[in-house]
Amino acid sequence: MRSAIAIARRLIPEINDEEASALAALVEFRNTEFHDDSTKFDPTILTARIPDCQVLVLKLLAFSNDPATAILSKDDSAQFEAVKAAKSGDRKKRVRSLIDSCKDRFFHLTAEQQEAKRKAVTPNFVSAVTTGGAHIRVEKCPACATAGLLGGRPISSSDPMLKDNDIVVEVRVIPEIFECKACDLTIKGLDELLAAGFPHEFTSFDSQDIIEHFGLDPMDYIDPEEVAREYHESAYEYNDE
């Protein structure tokens with residue numbers, strides 16, 4: 001595999017060290033799955049390398065003069081392109097400086113002040129969908145380790161499915177912003193979020209209205225005369241008492 005990667009890099013000089021390393025990690029992970037029953041390979045390492053693999057795929061497609069949609073769905077193609085654009089600029093130094101600044105300010109507080117801030121802003125949910133359609137989920141702040149909020153826009157959704165007696169759709173989300181109210185850290189844009197170590201995408205579940213999903217009309221299941229009769233009977237029993 002190393003020989004194949006070396007050949008690819010000679011043919012496509014744009015492939016950088018991170019992308020080549022990410023591909024090698026992916027191959028190692030698959031080999032571990034196929035040939036080793038142990039769990040020594042940390043899957044979080046693979047997750048962190050996926051953005052580099054996505055950029056590599058686009059570079060290979062460009063070399064072969066094929067559009068991304070030749071092997072990717074329209075949604076995946078858009079997501080890969082978004083990651084490529086985000087990875088094109090090195091924001092690690094700026095983001096690291098921002099995180100360190102917020103971290104330093106937070107940990108200069110007393111232990112009691114830190115705990116009070118964490119308690120005041122800890123959300124009482126794991127994920128949510130805003131009225132505007134943005135998807136939010138709780139993520140640990142890279143500066144102060146408090147529970148902050150990672151938000152983004154949906155790029156695709158699954159067919160409706162049954163989950164815990166609810167009808168939901170699984171939504172793929174591209175992160176756009178992270179906010180921590182405890183240390184006032186705000187990171188905007190996929191490029192800076194990737195530089196901070198956040199995932200390139202996350203999934204969320206959006207509940208569906210069962211009446212709308214099945215096209216039901218509640219009046220088809222209600223007998224107005226029976227409702228009126230029950231109402232008058234209950235009113236009569238009350239007056240009789």
# chains A, B, ... in the order shown; residues from 1 in each chain; ligands from 1

call {"tool": "select_by_dssp", "arguments": {"residues": "range 3-240 of chain A", "states": "alpha helix (DSSP H)", "output": "PyMOL selection string"}}
result
chain A and resi 3-11+17-35+43-63+74-87+92-107+111-121+190-195+210-214+224-240

call {"tool": "closest_atom_pairs", "arguments": {"of": "range 111-217 of chain A", "to": "range 64-88 of chain A", "cutoff": "10 Å", "atoms": "only C-alpha atoms", "output": "JSON lines"}}
result
{"residue": "A:Ile155", "atom": "CA", "partner": "A:Asp75", "partner_atom": "CA", "distance": 6.3}
{"residue": "A:Ser156", "atom": "CA", "partner": "A:Asp75", "partner_atom": "CA", "distance": 6.2}
{"residue": "A:Ser157", "atom": "CA", "partner": "A:Asp75", "partner_atom": "CA", "distance": 9.6}
{"residue": "A:Arg172", "atom": "CA", "partner": "A:Asp75", "partner_atom": "CA", "distance": 9.5}
{"residue": "A:Val173", "atom": "CA", "partner": "A:Gln79", "partner_atom": "CA", "distance": 9.3}
{"residue": "A:Ile174", "atom": "CA", "partner": "A:Gln79", "partner_atom": "CA", "distance": 7.5}
{"residue": "A:Gly189", "atom": "CA", "partner": "A:Ala86", "partner_atom": "CA", "distance": 7.9}
{"residue": "A:Leu190", "atom": "CA", "partner": "A:Ala86", "partner_atom": "CA", "distance": 5.7}
{"residue": "A:Asp191", "atom": "CA", "partner": "A:Ala86", "partner_atom": "CA", "distance": 3.9}
{"residue": "A:Glu192", "atom": "CA", "partner": "A:Ala86", "partner_atom": "CA", "distance": 7.7}
{"residue": "A:Leu193", "atom": "CA", "partner": "A:Ala86", "partner_atom": "CA", "distance": 9.0}
{"residue": "A:Leu194", "atom": "CA", "partner": "A:Ala86", "partner_atom": "CA", "distance": 7.7}
{"residue": "A:Ala195", "atom": "CA", "partner": "A:Lys87", "partner_atom": "CA", "distance": 8.5}
{"residue": "A:His200", "atom": "CA", "partner": "A:Val83", "partner_atom": "CA", "distance": 7.1}
{"residue": "A:Glu201", "atom": "CA", "partner": "A:Gln79", "partner_atom": "CA", "distance": 8.6}

call {"tool": "select_by_dssp", "arguments": {"residues": "range 37-236 of chain A", "states": "strand (DSSP E)", "output": "ChimeraX atom specification"}}
result
/A:127-129,135-140,147-157,161-163,166-180,185-188,202-207

call {"tool": "closest_residue", "arguments": {"among": "A:Gly148, A:Pro154, A:Pro142, A:Pro175", "to": "Arg96 in chain A", "atoms": "only C-alpha atoms"}}
result
A:Pro142

call {"tool": "residues_around", "arguments": {"residues": "Asp184 in chain A", "least_positions_apart": "5", "cutoff": "9 Å", "atoms": "only C-alpha atoms", "output": "VMD selection string"}}
result
chain A and resid 102 106 179

call {"tool": "write_last_selection", "arguments": {"atoms": "all heavy atoms", "output": "compact mmCIF listing (two decimals), in the first residue's frame"}}
result
# COMPACT_ATOMS: atom_id res chain seq x y z
N CYS A 102 -8.89 32.00 25.75
CA CYS A 102 -10.09 31.73 26.54
C CYS A 102 -9.79 30.78 27.70
O CYS A 102 -10.32 30.93 28.80
CB CYS A 102 -11.18 31.13 25.65
SG CYS A 102 -11.86 32.29 24.44
N PHE A 106 -10.27 31.68 31.67
CA PHE A 106 -11.19 30.88 32.48
C PHE A 106 -10.50 30.29 33.71
O PHE A 106 -11.03 30.34 34.82
CB PHE A 106 -11.79 29.76 31.63
CG PHE A 106 -12.78 28.90 32.37
CD1 PHE A 106 -14.10 29.31 32.53
CD2 PHE A 106 -12.41 27.68 32.91
CE1 PHE A 106 -15.02 28.52 33.20
CE2 PHE A 106 -13.32 26.88 33.59
CZ PHE A 106 -14.63 27.31 33.73
N GLU A 179 -20.05 27.52 20.30
CA GLU A 179 -20.07 28.56 21.32
C GLU A 179 -20.03 27.94 22.71
O GLU A 179 -20.73 26.97 22.97
CB GLU A 179 -21.33 29.44 21.20
CG GLU A 179 -21.33 30.36 19.99
CD GLU A 179 -22.52 31.30 20.00
OE1 GLU A 179 -23.51 31.01 20.70
OE2 GLU A 179 -22.47 32.34 19.31

call {"tool": "closest_residue", "arguments": {"among": "A:Thr122, A:Ser207, A:Ser21, A:Ser101", "to": "Thr186 in chain A", "atoms": "only C-alpha atoms"}}
result
A:Ser101

call {"tool": "closest_residue", "arguments": {"among": "A:Glu112, A:Asp17, A:Asp159, A:Asp100", "to": "Ala196 in chain A", "atoms": "only C-alpha atoms"}}
result
A:Asp100

call {"tool": "closest_residue", "arguments": {"among": "A:Cys183, A:Leu162, A:Asp104, A:Arg153", "to": "Lys140 in chain A", "atoms": "only C-alpha atoms"}}
result
A:Cys183

call {"tool": "closest_residue", "arguments": {"among": "A:Lys181, A:Lys119, A:Lys163, A:Lys103", "to": "Ala143 in chain A", "atoms": "only C-alpha atoms"}}
result
A:Lys103
